[in-house]
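As stored in data.pdb (PDB, C-alpha atoms and all ligand atoms):
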```
ATOM      1  CA  MET A1235     166.322 103.573  96.075
ATOM      2  CA  GLY A1236     165.023 105.631  99.019
ATOM      3  CA  LEU A1237     161.329 106.489  99.331
ATOM      4  CA  VAL A1238     161.841 110.193  98.526
ATOM      5  CA  LYS A1239     163.868 109.362  95.399
ATOM      6  CA  LYS A1240     161.222 106.798  94.395
ATOM      7  CA  ILE A1241     158.416 109.369  94.716
ATOM      8  CA  GLU A1242     160.504 111.881  92.766
ATOM      9  CA  ASN A1243     161.258 109.435  89.917
ATOM     10  CA  LYS A1244     157.903 107.630  89.732
ATOM     11  CA  ILE A1245     155.428 110.446  90.473
ATOM     12  CA  VAL A1246     156.883 113.962  90.509
ATOM     13  CA  ARG A1247     159.033 113.804  87.350
ATOM     14  CA  PRO A1248     156.376 112.048  85.199
ATOM     15  CA  ALA A1249     153.744 114.580  86.391
ATOM     16  CA  LEU A1250     156.018 117.498  85.479
ATOM     17  CA  ARG A1251     156.724 115.930  82.081
ATOM     18  CA  TRP A1252     152.988 115.449  81.455
ATOM     19  CA  ALA A1253     152.236 119.077  82.376
ATOM     20  CA  ARG A1254     154.978 120.504  80.137
ATOM     21  CA  PRO A1255     153.496 121.927  76.894
ATOM     22  CA  ALA A1256     154.166 120.084  73.631
ATOM     23  CA  LYS A1257     156.716 121.466  71.195
ATOM     24  CA  ARG A1258     156.160 121.723  67.474
ATOM     25  CA  VAL A1259     158.458 121.500  64.460
ATOM     26  CA  THR A1260     157.808 121.338  60.717
ATOM     27  CA  LEU A1261     160.082 119.083  58.657
ATOM     28  CA  GLY A1262     159.634 118.797  54.893
ATOM     29  CA  GLY A1263     156.161 120.334  55.284
ATOM     30  CA  ILE A1264     155.033 117.814  57.948
ATOM     31  CA  THR A1265     154.257 119.321  61.360
ATOM     32  CA  ILE A1266     155.272 117.196  64.361
ATOM     33  CA  GLU A1267     154.020 117.863  67.900
ATOM     34  CA  TYR A1268     156.164 116.193  70.543
ATOM     35  CA  LYS A1269     157.241 116.367  74.174
ATOM     36  CA  ALA A1270     160.868 117.406  74.695
ATOM     37  CA  GLU A1271     161.676 114.189  76.590
ATOM     38  CA  LEU A1272     161.007 112.151  73.411
ATOM     39  CA  ASP A1273     163.647 113.998  71.388
ATOM     40  CA  GLY A1274     166.755 111.845  70.995
ATOM     41  CA  GLY A1275     168.536 114.254  68.653
ATOM     42  CA  GLY A1276     166.533 113.409  65.537
ATOM     43  CA  ILE A1277     165.500 117.010  65.191
ATOM     44  CA  GLU A1278     169.097 118.150  65.194
ATOM     45  CA  PHE A1279     171.894 115.782  64.018
ATOM     46  CA  GLY A1280     169.254 113.281  62.805
ATOM     47  CA  GLN A1281     168.374 115.724  60.018
ATOM     48  CA  ASP A1282     171.838 115.037  58.553
ATOM     49  CA  PHE A1283     170.210 111.959  56.989
ATOM     50  CA  ILE A1284     168.543 114.161  54.366
ATOM     51  CA  PRO A1285     171.664 115.825  52.839
ATOM     52  CA  PHE A1286     173.635 112.593  53.341
ATOM     53  CA  LEU A1287     171.193 110.396  51.385
ATOM     54  CA  ARG A1288     170.828 113.121  48.739
ATOM     55  CA  SER A1289     174.610 113.379  48.409
ATOM     56  CA  ARG A1290     174.647 109.638  47.586
ATOM     57  CA  ASN A1291     171.959 110.233  44.935
ATOM     58  CA  MET A1292     169.512 107.886  46.634
ATOM     59  CA  PRO A1293     166.365 107.721  44.507
ATOM     60  CA  LYS A1294     162.932 107.922  46.151
ATOM     61  CA  GLN A1295     162.436 104.667  48.088
ATOM     62  CA  GLN A1296     159.144 102.823  47.982
ATOM     63  CA  ARG A1297     158.888 102.000  51.720
ATOM     64  CA  ALA A1298     161.135 103.229  54.535
ATOM     65  CA  PHE A1299     161.196 102.110  58.169
ATOM     66  CA  GLU A1300     162.465 104.170  61.093
ATOM     67  CA  TRP A1301     163.652 101.810  63.843
ATOM     68  CA  CYS A1302     163.585 103.347  67.368
ATOM     69  CA  SER A1303     161.581 106.160  65.843
ATOM     70  CA  GLY A1304     160.708 108.293  68.868
ATOM     71  CA  PRO A1305     158.514 111.053  67.343
ATOM     72  CA  ALA A1306     159.990 110.083  63.937
ATOM     73  CA  PHE A1307     161.770 113.318  63.107
ATOM     74  CA  ILE A1308     163.910 111.373  60.640
ATOM     75  CA  GLY A1309     161.134 109.276  59.090
ATOM     76  CA  PHE A1310     158.660 112.133  58.622
ATOM     77  CA  SER A1311     161.455 114.293  57.225
ATOM     78  CA  LEU A1312     162.297 111.567  54.650
ATOM     79  CA  LEU A1313     158.626 111.425  53.661
ATOM     80  CA  GLY A1314     158.119 115.204  53.584
ATOM     81  CA  ASN A1315     161.288 115.694  51.559
ATOM     82  CA  GLY A1316     160.209 113.159  48.954
ATOM     83  CA  LEU A1317     162.834 110.520  49.780
ATOM     84  CA  CYS A1318     160.246 107.771  50.330
ATOM     85  CA  GLU A1319     156.761 106.942  49.095
ATOM     86  CA  THR A1320     155.456 105.359  52.326
ATOM     87  CA  LEU A1321     156.720 105.050  55.880
ATOM     88  CA  CYS A1322     156.683 102.520  58.712
ATOM     89  CA  LEU A1323     157.497 103.590  62.297
ATOM     90  CA  ALA A1324     157.991 101.742  65.580
ATOM     91  CA  ASP A1325     159.161 102.474  69.107
ATOM     92  CA  ILE A1326     158.963 100.755  72.505
ATOM     93  CA  ASN A1327     157.812 103.934  74.267
ATOM     94  CA  PRO A1328     153.985 104.309  74.114
ATOM     95  CA  ALA A1329     154.340 108.109  74.401
ATOM     96  CA  ALA A1330     156.525 108.156  71.275
ATOM     97  CA  VAL A1331     153.989 105.970  69.449
ATOM     98  CA  ASP A1332     151.152 108.335  70.483
ATOM     99  CA  SER A1333     153.189 111.263  69.183
ATOM    100  CA  CYS A1334     153.683 109.506  65.799
ATOM    101  CA  ARG A1335     149.961 108.661  65.583
ATOM    102  CA  GLY A1336     149.084 112.300  66.372
ATOM    103  CA  THR A1337     151.371 113.496  63.569
ATOM    104  CA  VAL A1338     149.765 111.039  61.123
ATOM    105  CA  ARG A1339     146.278 112.316  62.092
ATOM    106  CA  GLN A1340     147.124 116.011  62.024
ATOM    107  CA  ASN A1341     148.855 115.779  58.652
ATOM    108  CA  ARG A1342     146.323 113.308  57.169
ATOM    109  CA  LEU A1343     148.981 110.723  56.385
ATOM    110  CA  GLU A1344     146.853 107.633  57.142
ATOM    111  CA  ASN A1345     147.347 106.305  53.594
ATOM    112  CA  SER A1346     151.116 106.478  53.663
ATOM    113  CA  VAL A1347     152.278 105.864  57.256
ATOM    114  CA  SER A1348     151.969 102.804  59.570
ATOM    115  CA  VAL A1349     152.875 103.106  63.253
ATOM    116  CA  TYR A1350     153.592 100.165  65.587
ATOM    117  CA  HIS A1351     154.189  99.957  69.302
ATOM    118  CA  SER A1352     156.977  97.391  69.361
ATOM    119  CA  ASN A1353     159.893  96.211  71.454
ATOM    120  CA  ASN A1354     162.477  96.156  68.678
ATOM    121  CA  LEU A1355     160.767  94.340  65.754
ATOM    122  CA  GLN A1356     158.784  91.902  67.892
ATOM    123  CA  SER A1357     155.334  93.345  67.045
ATOM    124  CA  ILE A1358     155.979  94.254  63.421
ATOM    125  CA  PRO A1359     153.603  92.342  61.101
ATOM    126  CA  GLU A1360     155.309  89.642  59.038
ATOM    127  CA  SER A1361     153.967  91.242  55.874
ATOM    128  CA  GLU A1362     156.124  94.396  56.225
ATOM    129  CA  ARG A1363     158.906  94.768  53.577
ATOM    130  CA  TRP A1364     161.341  97.683  53.552
ATOM    131  CA  ASP A1365     163.583  99.194  50.879
ATOM    132  CA  LEU A1366     165.274 101.487  53.377
ATOM    133  CA  VAL A1367     165.720 101.321  57.162
ATOM    134  CA  VAL A1368     167.010 104.376  59.042
ATOM    135  CA  SER A1369     167.681 104.918  62.717
ATOM    136  CA  ASN A1370     169.294 106.975  65.410
ATOM    137  CA  PRO A1371     169.121 104.214  68.044
ATOM    138  CA  PRO A1372     170.399 104.276  71.678
ATOM    139  CA  HIS A1373     174.136 105.011  71.400
ATOM    140  CA  PHE A1374     175.703 103.895  74.688
ATOM    141  CA  VAL A1375     176.437 100.512  76.250
ATOM    142  CA  ASP A1376     177.951 101.723  79.522
ATOM    143  CA  GLN A1377     176.355 105.108  80.222
ATOM    144  CA  TYR A1378     172.868 106.537  80.814
ATOM    145  CA  GLU A1379     171.512 103.440  82.569
ATOM    146  CA  GLY A1380     167.714 103.729  82.858
ATOM    147  CA  ASP A1381     167.399 106.189  79.934
ATOM    148  CA  ILE A1382     165.756 104.261  77.076
ATOM    149  CA  ARG A1383     166.719 106.980  74.617
ATOM    150  CA  ALA A1384     170.426 106.462  75.188
ATOM    151  CA  HIS A1385     171.246 103.131  76.874
ATOM    152  CA  ASP A1386     171.616  99.808  75.042
ATOM    153  CA  PRO A1387     172.589  97.286  77.745
ATOM    154  CA  GLY A1388     175.143  94.801  76.384
ATOM    155  CA  TRP A1389     174.333  96.132  72.868
ATOM    156  CA  ASN A1390     171.407  93.695  73.049
ATOM    157  CA  ILE A1391     168.955  96.065  71.327
ATOM    158  CA  HIS A1392     171.321  96.392  68.358
ATOM    159  CA  ARG A1393     172.094  92.636  68.342
ATOM    160  CA  GLU A1394     168.401  91.670  68.344
ATOM    161  CA  PHE A1395     167.659  94.208  65.618
ATOM    162  CA  PHE A1396     170.398  92.845  63.310
ATOM    163  CA  SER A1397     169.238  89.269  63.836
ATOM    164  CA  THR A1398     165.542  90.000  63.144
ATOM    165  CA  VAL A1399     165.660  92.689  60.432
ATOM    166  CA  PRO A1400     166.648  90.436  57.467
ATOM    167  CA  GLN A1401     163.126  88.990  57.148
ATOM    168  CA  TYR A1402     161.704  92.502  56.655
ATOM    169  CA  LEU A1403     164.441  93.841  54.388
ATOM    170  CA  LYS A1404     163.932  93.514  50.636
ATOM    171  CA  ASP A1405     166.781  91.636  48.936
ATOM    172  CA  ASP A1406     168.237  94.909  47.651
ATOM    173  CA  GLY A1407     167.179  96.870  50.746
ATOM    174  CA  VAL A1408     169.617  99.080  52.665
ATOM    175  CA  ILE A1409     169.907  99.881  56.379
ATOM    176  CA  VAL A1410     171.509 103.213  57.304
ATOM    177  CA  LEU A1411     172.257 103.697  61.000
ATOM    178  CA  GLN A1412     173.456 106.898  62.594
ATOM    179  CA  GLU A1413     175.804 106.099  65.479
ATOM    180  CA  ASN A1414     177.965 108.152  67.841
ATOM    181  CA  ASN A1415     181.752 107.801  68.212
ATOM    182  CA  ARG A1416     181.394 108.844  71.875
ATOM    183  CA  GLY A1417     179.789 105.426  72.417
ATOM    184  CA  SER A1418     180.913 103.160  69.556
ATOM    185  CA  THR A1419     182.851 102.767  66.325
ATOM    186  CA  VAL A1420     181.994 100.776  63.198
ATOM    187  CA  GLU A1421     183.991  97.856  64.632
ATOM    188  CA  THR A1422     181.675  97.699  67.673
ATOM    189  CA  PHE A1423     178.935  96.397  65.368
ATOM    190  CA  ARG A1424     180.756  94.507  62.577
ATOM    191  CA  GLU A1425     180.629  91.061  64.198
ATOM    192  CA  MET A1426     176.923  91.397  65.163
ATOM    193  CA  ILE A1427     176.097  92.513  61.609
ATOM    194  CA  GLU A1428     177.984  89.643  59.950
ATOM    195  CA  HIS A1429     176.634  87.073  62.402
ATOM    196  CA  ALA A1430     173.117  88.080  61.275
ATOM    197  CA  GLY A1431     173.890  87.391  57.587
ATOM    198  CA  LEU A1432     174.330  91.072  56.775
ATOM    199  CA  GLU A1433     177.369  93.070  55.671
ATOM    200  CA  ILE A1434     178.614  96.638  55.847
ATOM    201  CA  THR A1435     178.480  98.264  52.418
ATOM    202  CA  PHE A1436     179.657 101.786  53.371
ATOM    203  CA  THR A1437     180.621 103.887  56.350
ATOM    204  CA  HIS A1438     180.812 107.655  56.590
ATOM    205  CA  GLY A1439     182.436 109.788  59.280
ATOM    206  CA  ASP A1440     183.644 107.029  61.649
ATOM    207  CA  SER A1441     186.696 108.259  63.595
ATOM    208  CA  LYS A1442     187.739 104.600  64.219
ATOM    209  CA  GLU A1443     188.226 105.331  67.931
ATOM    210  CA  LEU A1444     186.022 106.522  70.758
ATOM    211  CA  THR A1445     185.856 110.305  71.062
ATOM    212  CA  ALA A1446     185.387 112.540  74.095
ATOM    213  CA  THR A1447     182.578 114.517  72.495
ATOM    214  CA  SER A1448     179.675 113.355  70.334
ATOM    215  CA  GLU A1449     180.717 112.784  66.702
ATOM    216  CA  PHE A1450     178.121 111.086  64.540
ATOM    217  CA  PHE A1451     178.764 108.586  61.756
ATOM    218  CA  PHE A1452     176.705 106.505  59.335
ATOM    219  CA  ILE A1453     176.892 102.748  58.649
ATOM    220  CA  GLY A1454     175.277 101.323  55.505
ATOM    221  CA  ILE A1455     174.290  97.653  55.772
ATOM    222  CA  VAL A1456     172.892  95.180  53.224
ATOM    223  CA  LYS A1457     172.135  91.475  53.040
ATOM    224  CA  LYS A1458     175.337  89.462  52.621
ATOM    225  CA  GLY A1459     175.966  88.625  48.961
ATOM    226  CA  ALA A1460     173.195  90.943  47.752
ATOM    227  CA  SER A1461     173.986  93.396  45.011
ATOM    228  CA  PRO A1462     173.306  96.737  46.683
ATOM    229  CA  PRO A1463     171.719  99.566  44.715
ATOM    230  CA  LYS A1464     174.192 101.982  43.093
ATOM    231  CA  TRP A1465     173.668 104.711  45.720
ATOM    232  CA  ALA A1466     174.683 102.328  48.540
ATOM    233  CA  LYS A1467     177.858 100.868  46.976
TER     234      LYS A1467
HETATM  235  C1  LIG A1501     168.236 108.109  70.518
HETATM  236  S1  LIG A1501     166.473 107.938  70.742
HETATM  237  C2  LIG A1501     165.982 108.385  69.102
HETATM  238  C3  LIG A1501     164.603 108.939  69.022
HETATM  239  C4  LIG A1501     164.296 109.597  67.684
HETATM  240  N1  LIG A1501     164.461 108.641  66.590
HETATM  241  C5  LIG A1501     165.221 110.773  67.463
HETATM  242  O1  LIG A1501     166.086 110.654  66.569
HETATM  243  O2  LIG A1501     165.101 111.778  68.153
HETATM  244  C6  LIG A1501     166.252 106.183  70.790
HETATM  245  C7  LIG A1501     164.829 105.685  70.721
HETATM  246  O3  LIG A1501     164.876 104.271  70.841
HETATM  247  C8  LIG A1501     163.730 103.827  71.527
HETATM  248  N2  LIG A1501     163.994 102.473  72.041
HETATM  249  C9  LIG A1501     164.816 102.098  73.047
HETATM  250  N3  LIG A1501     164.790 100.774  73.219
HETATM  251  C10 LIG A1501     163.952 100.273  72.271
HETATM  252  C11 LIG A1501     163.501  98.948  71.936
HETATM  253  N4  LIG A1501     163.906  97.865  72.620
HETATM  254  N5  LIG A1501     162.629  98.802  70.918
HETATM  255  C12 LIG A1501     162.190  99.892  70.225
HETATM  256  N6  LIG A1501     162.551 101.166  70.513
HETATM  257  C13 LIG A1501     163.441 101.353  71.509
HETATM  258  C14 LIG A1501     163.531 104.878  72.598
HETATM  259  O4  LIG A1501     162.216 104.860  73.119
HETATM  260  C15 LIG A1501     163.877 106.161  71.819
HETATM  261  O5  LIG A1501     162.725 106.702  71.228
END
```
Spell out the structure here as structure tokens.
Amino acid sequence: MGLVKKIENKIVRPALRWARPAKRVTLGGITIEYKAELDGGGIEFGQDFIPFLRSRNMPKQQRAFEWCSGPAFIGFSLLGNGLCETLCLADINPAAVDSCRGTVRQNRLENSVSVYHSNNLQSIPESERWDLVVSNPPHFVDQYEGDIRAHDPGWNIHREFFSTVPQYLKDDGVIVLQENNRGSTVETFREMIEHAGLEITFTHGDSKELTATSEFFFIGIVKKGASPPKWAK
């Protein structure tokens, strides 16, 4: 990288991002202040989680976790809309974690929300146990290099997540991931999921082949051999 490009990427762009005013959105009665560069689509297509989980008649979950939370548009919306009792959030980006902590403070949610700065699940306390895990994780293996919102090199972020999540998932817990057919299909993940001792219990909206434009789909995952709750069958 040339010196000018380096200065642009390391100094000018971050300074402009810092100076940009925060945005604000209210989801399920919870107000979230966030910087635009933290939004990975959770405010838009990520909100499809709410009608989707309601359409499956999912009862209120005791504890939900949003993996790769960013500002946690999905997690806070679940909480605000009464789909979970308490919430756990984690992201690798310290700015996203600060945003989540600000939302907790401003909405006085200290008793119901825990926020962790964590590369994948590496810094999540062993005592955490989740009934529901949701995520809109990075969607592309071969595009957007250098953009942590979008790029998952070698699908290693997904692979590590599948191999480490079982210890945190209750025996009848359910993982629901929102993925993008522009970057993957259900089959992209099946082997990783099964190798981790998990299994796919439902899929919704997968086009079964890569698409030219973004088309989002859901994958429901449970522990292998577990009897999933009725809403996830
Ligand atoms: C598609 S964005 C989703 C953000 C937010 N959930 C939303 O829906 O707008 C993906 C998120 O994954 C986070 N991320 C990327 N790699 C990660 C890792 N190794 N561990 C934890 N979070 C990661 C990024 O910082 C980013 O916030």
The PyMOL selection byres (((not hetatm)) within 8 of (chain A and resi 1501)) applied to the shown file, residues as a PyMOL selection string
chain A and resi 1272-1277+1280+1300-1308+1324-1327+1330+1352-1355+1369-1373+1382-1386+1391
Applying the PyMOL selection byres (((chain A and resi 1448) around 8) and not hetatm) to the file I just gave you, which residues come out? Please list them as a list of chain:residue names.
A:Asn1414, A:Asn1415, A:Arg1416, A:Thr1445, A:Ala1446, A:Thr1447, A:Glu1449, A:Phe1450
Selected by the PyMOL selection byres (((chain A and resi 1427) around 12) and not hetatm) in the shown coordinates: which residues, as a short mmCIF file (atom, residue, chain, number, x, y, z; two decimals) with C-alpha atoms, keeping the file's coordinate frame?
```cif
data_model
loop_
_atom_site.label_atom_id
_atom_site.label_comp_id
_atom_site.auth_asym_id
_atom_site.auth_seq_id
_atom_site.Cartn_x
_atom_site.Cartn_y
_atom_site.Cartn_z
CA TRP A 1389 174.33 96.13 72.87
CA HIS A 1392 171.32 96.39 68.36
CA ARG A 1393 172.09 92.64 68.34
CA GLU A 1394 168.40 91.67 68.34
CA PHE A 1395 167.66 94.21 65.62
CA PHE A 1396 170.40 92.84 63.31
CA SER A 1397 169.24 89.27 63.84
CA THR A 1398 165.54 90.00 63.14
CA VAL A 1399 165.66 92.69 60.43
CA PRO A 1400 166.65 90.44 57.47
CA ILE A 1409 169.91 99.88 56.38
CA LEU A 1411 172.26 103.70 61.00
CA VAL A 1420 181.99 100.78 63.20
CA GLU A 1421 183.99 97.86 64.63
CA THR A 1422 181.68 97.70 67.67
CA PHE A 1423 178.94 96.40 65.37
CA ARG A 1424 180.76 94.51 62.58
CA GLU A 1425 180.63 91.06 64.20
CA MET A 1426 176.92 91.40 65.16
CA GLU A 1428 177.98 89.64 59.95
CA HIS A 1429 176.63 87.07 62.40
CA ALA A 1430 173.12 88.08 61.28
CA GLY A 1431 173.89 87.39 57.59
CA LEU A 1432 174.33 91.07 56.78
CA GLU A 1433 177.37 93.07 55.67
CA ILE A 1434 178.61 96.64 55.85
CA THR A 1435 178.48 98.26 52.42
CA ILE A 1453 176.89 102.75 58.65
CA GLY A 1454 175.28 101.32 55.50
CA ILE A 1455 174.29 97.65 55.77
CA VAL A 1456 172.89 95.18 53.22
CA LYS A 1457 172.14 91.48 53.04
CA LYS A 1458 175.34 89.46 52.62
#
```
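Note that the spacing between atom CA of Arg1288 of chain A and atom CA of Tyr1402 of chain A amounts to 23.9 Å.
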Per-residue nearest contacts of segment 1287-1324 of chain A to segment 1348-1351 of chain A (9 Å; only C-alpha atoms) as a tab-separated table:
```
residue	atom	partner	partner_atom	distance
A:Thr1320	CA	A:Ser1348	CA	8.4
A:Leu1321	CA	A:Ser1348	CA	6.4
A:Cys1322	CA	A:Ser1348	CA	4.8
A:Leu1323	CA	A:Val1349	CA	4.7
A:Ala1324	CA	A:Tyr1350	CA	4.7
```
Would you mind listing what lies within 12 Å of Ile1266 of chain A as a count of residues only, with all atoms listed in the file counted and same-chain residues fewer than 2 positions away left out?
36
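You will find atom CA of Gly1316 of chain A at 24.2 Å from atom CA of Ile1358 of chain A.
A straight line drawn from atom CA of Phe1279 of chain A to atom CA of Gly1380 of chain A is 22.8 Å long.
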Set up a box along x, y and z of the file covering all listed atoms of segment 1369-1381 of chain A, add 5 Å on every one of the six sides, and write the centre and edge lengths in Å to one decimal, as JSON.
```
{"center_x": 172.7, "center_y": 103.7, "center_z": 72.8, "size_x": 20.6, "size_y": 16.5, "size_z": 30.1}
```
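With distances taken over all atoms listed in the file, A:Glu1413 is the one residue among A:Glu1413, A:Ala1460, A:Ile1284, A:Ala1298 lying closest to Leu1444 of chain A.
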